[in-house]
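Structure below is work_20.csv: CSV, C-alpha atoms.
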```
chain,number,residue,atom,x,y,z
A,1,MET,CA,167.3,150.8,67.1
A,2,ASP,CA,169.2,148.5,69.3
A,3,ALA,CA,167.9,145.2,70.7
A,4,SER,CA,167.0,146.7,74.1
A,5,SER,CA,163.5,146.9,75.4
A,6,GLN,CA,163.4,150.7,75.0
A,7,ALA,CA,161.7,152.3,72.1
A,8,SER,CA,163.8,154.4,69.6
A,9,LYS,CA,164.7,157.8,70.9
A,10,THR,CA,165.7,158.9,67.4
A,11,ALA,CA,162.2,158.1,66.2
A,12,LEU,CA,160.9,160.5,68.8
A,13,MET,CA,163.3,163.2,67.7
A,14,VAL,CA,162.4,162.7,64.0
A,15,CYS,CA,158.7,163.0,64.9
A,16,ALA,CA,159.4,166.2,66.7
A,17,TYR,CA,161.1,167.6,63.7
A,18,ARG,CA,158.1,166.6,61.5
A,19,ALA,CA,155.8,168.4,64.0
A,20,ARG,CA,157.9,171.6,63.8
A,21,ALA,CA,158.1,171.5,60.1
A,22,THR,CA,154.3,171.0,59.9
A,23,ALA,CA,153.7,174.1,62.0
A,24,ARG,CA,155.7,176.4,59.7
A,25,PRO,CA,153.7,179.1,57.8
A,26,GLN,CA,154.5,177.4,54.5
A,27,PRO,CA,155.2,173.8,55.5
A,28,ILE,CA,157.3,171.6,53.3
A,29,CYS,CA,155.7,168.5,54.8
A,30,ARG,CA,152.5,167.9,56.8
A,31,ASP,CA,151.9,165.5,59.6
A,32,PRO,CA,149.0,166.4,61.9
A,33,TRP,CA,149.8,163.6,64.4
A,34,ALA,CA,153.6,164.2,64.8
A,35,ALA,CA,153.4,166.6,67.7
A,36,ALA,CA,151.2,164.3,69.8
A,37,LEU,CA,153.5,161.3,69.0
A,38,ALA,CA,156.7,163.2,69.8
A,39,GLY,CA,155.5,164.7,73.1
A,40,ASP,CA,157.8,166.7,75.3
A,41,GLU,CA,160.6,164.2,75.2
A,42,GLY,CA,160.8,164.3,71.4
A,43,ALA,CA,160.8,168.1,71.4
A,44,ARG,CA,163.7,168.2,73.9
A,45,LEU,CA,165.7,165.7,71.9
A,46,ALA,CA,165.2,167.8,68.7
A,47,ALA,CA,166.1,171.0,70.5
A,48,ALA,CA,169.4,169.5,71.8
A,49,PHE,CA,170.3,168.3,68.3
A,50,ASP,CA,169.7,171.7,66.8
A,51,ALA,CA,172.9,172.9,68.4
A,52,ARG,CA,174.8,170.2,66.4
A,53,PHE,CA,173.0,170.6,63.1
A,54,PRO,CA,170.6,173.6,62.8
A,55,HIS,CA,169.4,172.4,59.4
A,56,MET,CA,168.2,169.0,60.5
A,57,GLU,CA,164.6,170.1,60.4
A,58,LEU,CA,164.9,171.1,56.8
A,59,TRP,CA,166.5,167.8,55.8
A,60,LEU,CA,163.8,165.8,57.5
A,61,ALA,CA,161.0,167.9,56.0
A,62,LEU,CA,162.5,167.5,52.6
A,63,ARG,CA,162.9,163.7,53.1
A,64,VAL,CA,159.3,163.3,54.3
A,65,ALA,CA,157.9,165.4,51.4
A,66,TYR,CA,159.9,163.4,48.9
A,67,LEU,CA,158.8,160.1,50.2
A,68,ASP,CA,155.2,161.2,50.5
A,69,ALA,CA,155.2,162.3,46.9
A,70,GLN,CA,156.5,158.8,45.9
A,71,VAL,CA,153.8,157.1,47.9
A,72,VAL,CA,151.1,159.2,46.3
A,73,TYR,CA,152.5,158.6,42.8
A,74,TRP,CA,153.1,154.9,43.0
A,75,THR,CA,149.8,154.1,44.8
A,76,ALA,CA,148.0,156.0,42.1
A,77,HIS,CA,149.8,154.0,39.4
A,78,GLY,CA,149.0,150.4,40.4
A,79,VAL,CA,151.1,149.7,43.4
A,80,ASN,CA,148.8,148.5,46.2
A,81,GLN,CA,151.4,147.5,48.8
A,82,VAL,CA,153.5,150.0,50.8
A,83,VAL,CA,156.0,148.6,53.2
A,84,ILE,CA,157.7,150.9,55.8
A,85,LEU,CA,160.9,149.3,57.0
A,86,GLY,CA,162.0,150.6,60.4
A,87,ALA,CA,158.7,152.5,60.6
A,88,GLY,CA,159.3,154.2,63.9
A,89,PHE,CA,156.4,156.7,64.4
A,90,ASP,CA,155.5,156.9,60.7
A,91,THR,CA,152.0,158.0,60.0
A,92,ARG,CA,151.7,157.5,56.3
A,93,ALA,CA,149.2,154.7,56.6
A,94,ALA,CA,146.8,157.3,58.0
A,95,ARG,CA,147.9,160.4,56.0
A,96,LEU,CA,148.3,158.8,52.6
A,97,ALA,CA,145.6,156.1,52.7
A,98,ARG,CA,144.1,155.0,49.4
A,99,THR,CA,141.3,152.5,48.8
A,100,GLY,CA,142.8,149.2,47.9
A,101,VAL,CA,146.3,150.0,49.2
A,102,GLN,CA,147.6,148.1,52.2
A,103,PHE,CA,150.4,149.6,54.4
A,104,PHE,CA,152.8,147.3,56.4
A,105,GLU,CA,154.9,148.8,59.2
A,106,VAL,CA,158.0,146.7,60.0
A,107,ASP,CA,160.0,147.6,63.1
A,108,HIS,CA,161.4,146.5,66.4
A,109,PRO,CA,158.5,145.3,68.7
A,110,ALA,CA,159.5,147.8,71.5
A,111,THR,CA,159.1,150.8,69.2
A,112,GLN,CA,155.8,149.4,67.8
A,113,ALA,CA,154.4,148.9,71.3
A,114,ASP,CA,155.4,152.5,72.3
A,115,LYS,CA,153.9,153.9,69.1
A,116,ARG,CA,150.6,152.1,69.6
A,117,ALA,CA,150.4,153.1,73.2
A,118,ARG,CA,150.9,156.8,72.3
A,119,LEU,CA,148.3,156.6,69.4
A,120,ALA,CA,145.8,154.9,71.7
A,121,ARG,CA,145.5,158.3,73.5
A,122,HIS,CA,144.4,160.0,70.3
A,123,VAL,CA,141.1,158.7,69.1
A,124,SER,CA,141.3,160.6,65.8
A,125,TYR,CA,144.2,158.3,64.6
A,126,PRO,CA,143.2,155.1,62.7
A,127,ILE,CA,145.5,152.9,64.7
A,128,ASP,CA,144.7,149.8,62.7
A,129,ALA,CA,145.4,151.5,59.3
A,130,PRO,CA,148.7,149.6,58.8
A,131,ARG,CA,149.5,145.9,59.5
A,132,TYR,CA,152.2,145.8,62.2
A,133,VAL,CA,155.1,143.4,61.5
A,134,ALA,CA,157.7,143.0,64.3
A,135,VAL,CA,161.3,142.3,63.2
A,136,ASP,CA,164.8,143.1,64.4
A,137,PHE,CA,166.9,143.9,61.3
A,138,GLU,CA,170.2,143.3,63.2
A,139,ALA,CA,169.1,139.8,64.2
A,140,PRO,CA,167.5,138.2,61.0
A,141,ALA,CA,167.9,134.7,62.5
A,142,ARG,CA,165.2,135.7,65.0
A,143,GLY,CA,162.8,136.8,62.3
A,144,ASP,CA,163.2,137.5,58.6
A,145,PHE,CA,161.3,140.5,57.5
A,146,VAL,CA,160.1,139.0,54.1
A,147,ASP,CA,158.7,135.9,55.8
A,148,ALA,CA,157.1,138.1,58.5
A,149,LEU,CA,155.5,140.3,55.8
A,150,VAL,CA,154.1,137.2,54.0
A,151,ARG,CA,152.6,136.0,57.3
A,152,ALA,CA,150.9,139.4,57.6
A,153,GLY,CA,149.3,139.1,54.2
A,154,PHE,CA,151.9,140.6,51.9
A,155,ASP,CA,151.7,139.3,48.3
A,156,LEU,CA,155.1,138.4,46.8
A,157,ALA,CA,153.5,138.2,43.4
A,158,GLN,CA,152.6,141.9,43.3
A,159,PRO,CA,155.0,144.8,43.2
A,160,ALA,CA,155.5,147.0,46.3
A,161,LEU,CA,156.9,150.3,47.3
A,162,ILE,CA,159.3,149.9,50.2
A,163,LEU,CA,160.3,152.9,52.2
A,164,TRP,CA,163.4,152.6,54.4
A,165,GLU,CA,163.5,156.0,56.0
A,166,GLY,CA,166.1,157.0,58.6
A,167,VAL,CA,167.3,153.5,59.2
A,168,VAL,CA,170.3,152.6,57.0
A,169,PRO,CA,172.9,154.8,58.8
A,170,TYR,CA,172.3,152.9,62.0
A,171,LEU,CA,172.8,149.4,60.6
A,172,THR,CA,176.0,147.5,59.9
A,173,GLU,CA,176.9,147.2,56.2
A,174,ALA,CA,176.2,143.5,56.4
A,175,ALA,CA,172.6,144.2,57.6
A,176,VAL,CA,172.2,146.8,54.8
A,177,ARG,CA,173.3,144.4,52.2
A,178,ALA,CA,171.2,141.5,53.5
A,179,THR,CA,168.0,143.7,53.5
A,180,ALA,CA,168.7,145.1,50.0
A,181,ARG,CA,169.4,141.6,48.7
A,182,ARG,CA,166.1,140.3,50.0
A,183,VAL,CA,164.2,143.1,48.3
A,184,ALA,CA,166.0,142.7,45.0
A,185,HIS,CA,165.8,138.9,44.8
A,186,ASP,CA,162.7,137.9,46.8
A,187,LEU,CA,160.1,140.6,46.1
A,188,HIS,CA,158.5,141.3,42.8
A,189,PRO,CA,161.3,142.7,40.5
A,190,SER,CA,159.3,145.8,39.7
A,191,SER,CA,159.2,146.7,43.5
A,192,ILE,CA,160.8,150.0,44.3
A,193,LEU,CA,163.0,150.5,47.3
A,194,ILE,CA,163.6,154.1,48.6
A,195,PHE,CA,166.1,154.8,51.4
A,196,ASP,CA,168.3,157.6,52.7
A,197,PHE,CA,172.0,157.2,53.6
A,198,VAL,CA,174.9,159.4,54.7
A,199,GLY,CA,178.4,159.9,53.4
A,200,LYS,CA,181.5,158.4,55.0
A,201,ARG,CA,182.3,161.8,56.7
A,202,MET,CA,179.4,161.2,59.0
A,203,VAL,CA,180.5,157.8,60.0
A,204,GLU,CA,184.1,158.9,60.4
A,205,GLY,CA,183.0,162.0,62.3
A,206,LEU,CA,184.9,161.0,65.5
A,207,ALA,CA,188.1,161.6,63.5
A,208,GLY,CA,186.9,164.7,61.6
A,209,ARG,CA,185.5,168.1,62.4
A,210,ALA,CA,184.4,168.9,65.9
A,211,GLN,CA,180.8,169.5,64.6
A,212,ASP,CA,180.8,166.1,63.0
A,213,ARG,CA,182.2,164.5,66.1
A,214,GLN,CA,179.5,166.1,68.3
A,215,THR,CA,176.8,164.9,66.0
A,216,ALA,CA,178.0,161.3,66.0
A,217,GLU,CA,178.4,161.3,69.7
A,218,TYR,CA,174.9,162.7,70.3
A,219,VAL,CA,173.1,160.0,68.2
A,220,ALA,CA,175.3,157.3,69.8
A,221,ALA,CA,174.3,158.6,73.2
A,222,LEU,CA,170.7,158.0,72.2
A,223,GLY,CA,171.6,154.3,71.8
A,224,GLU,CA,171.7,154.3,68.0
A,225,PRO,CA,175.3,155.0,66.8
A,226,ILE,CA,175.9,155.8,63.1
A,227,ARG,CA,177.5,152.7,61.6
A,228,PHE,CA,177.2,152.8,57.8
A,229,GLY,CA,178.0,155.5,55.3
A,230,THR,CA,179.2,155.6,51.7
A,231,ASN,CA,180.0,158.3,49.1
A,232,ASP,CA,178.9,155.9,46.3
A,233,ILE,CA,176.0,153.6,47.0
A,234,LEU,CA,175.9,152.2,43.4
A,235,PRO,CA,178.5,149.4,43.8
A,236,LEU,CA,176.6,148.0,46.8
A,237,LEU,CA,173.2,148.0,45.1
A,238,ALA,CA,174.6,146.6,41.9
A,239,ALA,CA,176.2,143.7,43.8
A,240,GLU,CA,173.0,143.0,45.6
A,241,GLY,CA,170.8,142.8,42.5
A,242,PHE,CA,169.6,146.3,41.6
A,243,ARG,CA,169.6,147.5,38.1
A,244,GLN,CA,167.9,150.9,38.3
A,245,VAL,CA,169.3,153.4,40.7
A,246,ARG,CA,168.7,157.1,41.2
A,247,VAL,CA,170.3,159.2,43.9
A,248,GLN,CA,169.4,162.8,45.0
A,249,SER,CA,171.4,164.8,47.5
A,250,PHE,CA,170.1,167.0,50.3
A,251,ASP,CA,171.1,170.1,48.2
A,252,GLU,CA,169.2,168.9,45.1
A,253,LEU,CA,166.0,168.2,47.2
A,254,ALA,CA,166.4,171.6,48.9
A,255,LEU,CA,166.8,173.5,45.6
A,256,ALA,CA,163.8,171.7,44.1
A,257,ALA,CA,161.5,172.4,47.1
A,258,THR,CA,162.7,175.8,48.3
A,259,GLY,CA,164.4,177.3,45.2
A,260,THR,CA,167.5,178.0,47.2
A,261,TYR,CA,171.1,176.7,47.5
A,262,ASP,CA,173.1,177.8,50.5
A,263,ARG,CA,176.5,176.4,51.2
A,264,ALA,CA,176.3,177.7,54.7
A,265,ARG,CA,173.8,174.9,55.5
A,266,GLU,CA,176.8,172.5,55.7
A,267,PHE,CA,174.5,169.6,55.7
A,268,ARG,CA,175.3,168.1,52.4
A,269,PHE,CA,176.2,164.5,53.3
A,270,PRO,CA,172.7,162.9,53.3
A,271,SER,CA,171.1,161.6,50.1
A,272,VAL,CA,168.0,159.7,49.1
A,273,CYS,CA,168.1,156.7,46.8
A,274,LEU,CA,165.4,155.2,44.7
A,275,CYS,CA,166.2,151.8,43.2
A,276,SER,CA,164.6,148.7,41.6
A,277,ALA,CA,165.7,145.3,40.3
A,278,ALA,CA,163.7,146.1,37.1
A,279,PRO,CA,163.0,149.2,35.0
A,280,TRP,CA,160.4,151.5,36.4
A,281,ARG,CA,158.0,154.0,34.9
A,282,ALA,CA,158.6,157.7,35.2
A,283,SER,CA,158.2,158.9,38.8
A,284,PRO,CA,157.9,162.4,40.4
```

I need this file expressed as structure tokens, please.
Amino acid sequence: MDASSQASKTALMVCAYRARATARPQPICRDPWAAALAGDEGARLAAAFDARFPHMELWLALRVAYLDAQVVYWTAHGVNQVVILGAGFDTRAARLARTGVQFFEVDHPATQADKRARLARHVSYPIDAPRYVAVDFEAPARGDFVDALVRAGFDLAQPALILWEGVVPYLTEAAVRATARRVAHDLHPSSILIFDFVGKRMVEGLAGRAQDRQTAEYVAALGEPIRFGTNDILPLLAAEGFRQVRVQSFDELALAATGTYDRAREFRFPSVCLCSAAPWRASP
């Protein structure tokens, strides 16, 4: 998300993919509000992206399902704070609500305003389920996200689950490091950060295959160019204070969820990382 006054177009596109995945006969993920949030614009953006990467819907469905399972697990095992960094049009505060658990949605104010306006037209959605925290990650001097969370009622003395979904590739490495460092050093050490990232090939797509170049150009045209990628996230996380790191690739998630491995998918560069500054209990 850039610092303009427009809400995130990639957030709309992702929402449309969640809606499509939900409508499948045997859905990998479920989001009953995604279609209404995405609207026609989100559907058009997703359809245009299909030509670049026909397996994007599968990746997003797998990512949503994995993160949903983590939320369900950790909130059932004593974690009562869930933070969604770069929340976009996330609906977990409604879909995965649990008594005693508070959700915090952190994002650019323009995206938050657009989301709330869209949800206001759908009376079935509990619009006040999360606490909304407005922050620009690329301009921390104008609003640190930890300080903003505390002002919204976040308890630094208690562990939290932090989801950073679909955000890291669009940030600079400096911004990624700064956010990771704040989580590792200023939140409870047993807090868990989960995020997805892409390999260097995606960032260097302009100099690589034509398909990679088209993908990079498309997301850049939406106002959110891909800036950060790595083939090994461990050195960065170790340097910023994390001691427990687990990474799963797109292929590993797909095999676990669908029982299939298909090299023709050609979408093996994204991964999901679960990390903590302290040891964690077993997770799903």

Quiz item: Neighbours of Pro27 in chain A within 10 Å (only C-alpha atoms; same-chain residues fewer than 6 positions away dropped), as number ranges by chain?
Solution: A: 18, 20-21, 61, 65

Exercise. Would you mind listing what lies within 12 Å of His55 in chain A as an MDAnalysis selection string, with only C-alpha atoms counted and same-chain residues fewer than 3 positions away left out?
Key: chainID A and resid 17 21 46:47 49:52 58:62 250:251 254 262:268 270

Quiz item: How would you write as a list in words the residues that get within 6 Å of (178.2, 156.5, 52.7) in the file's frame, counting all atoms listed in the file?
Solution: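 Within the cut-off we find Val198, Gly199, Lys200, Gly229, Thr230 and Asn231 of chain A.
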
Practice problem: Could you check which of A:His77, A:Arg177, A:Lys9, A:Arg95 is closest to Arg30 in chain A, using only C-alpha atoms? | Solution: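 Going through A:His77, A:Arg177, A:Lys9, A:Arg95 one by one, the smallest distance to Arg30 in chain A is for A:Arg95.
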
Exercise. For Gly42 in chain A, list every protein, DNA or RNA residue within 8 Å, evaluated using all atoms listed in the file, and leave out those in the same chain fewer than 2 positions away; present the list as a ChimeraX atom specification.
Key: /A:9,12-16,38-40,44-46

Please provide the set of residues having any atom within 9 Å of Ile162 in chain A, restricted to all atoms listed in the file, with same-chain residues fewer than 6 positions apart removed, written as a short mmCIF file (atom, residue, chain, number, x, y, z; two decimals) with C-alpha atoms, in the frame of the given file.
```
data_model
loop_
_atom_site.label_atom_id
_atom_site.label_comp_id
_atom_site.auth_asym_id
_atom_site.auth_seq_id
_atom_site.Cartn_x
_atom_site.Cartn_y
_atom_site.Cartn_z
CA GLN A 81 151.40 147.50 48.80
CA VAL A 82 153.50 150.00 50.80
CA VAL A 83 156.00 148.60 53.20
CA ILE A 84 157.70 150.90 55.80
CA LEU A 85 160.90 149.30 57.00
CA VAL A 183 164.20 143.10 48.30
CA SER A 191 159.20 146.70 43.50
CA ILE A 192 160.80 150.00 44.30
CA LEU A 193 163.00 150.50 47.30
CA ILE A 194 163.60 154.10 48.60
CA PHE A 195 166.10 154.80 51.40
#
```
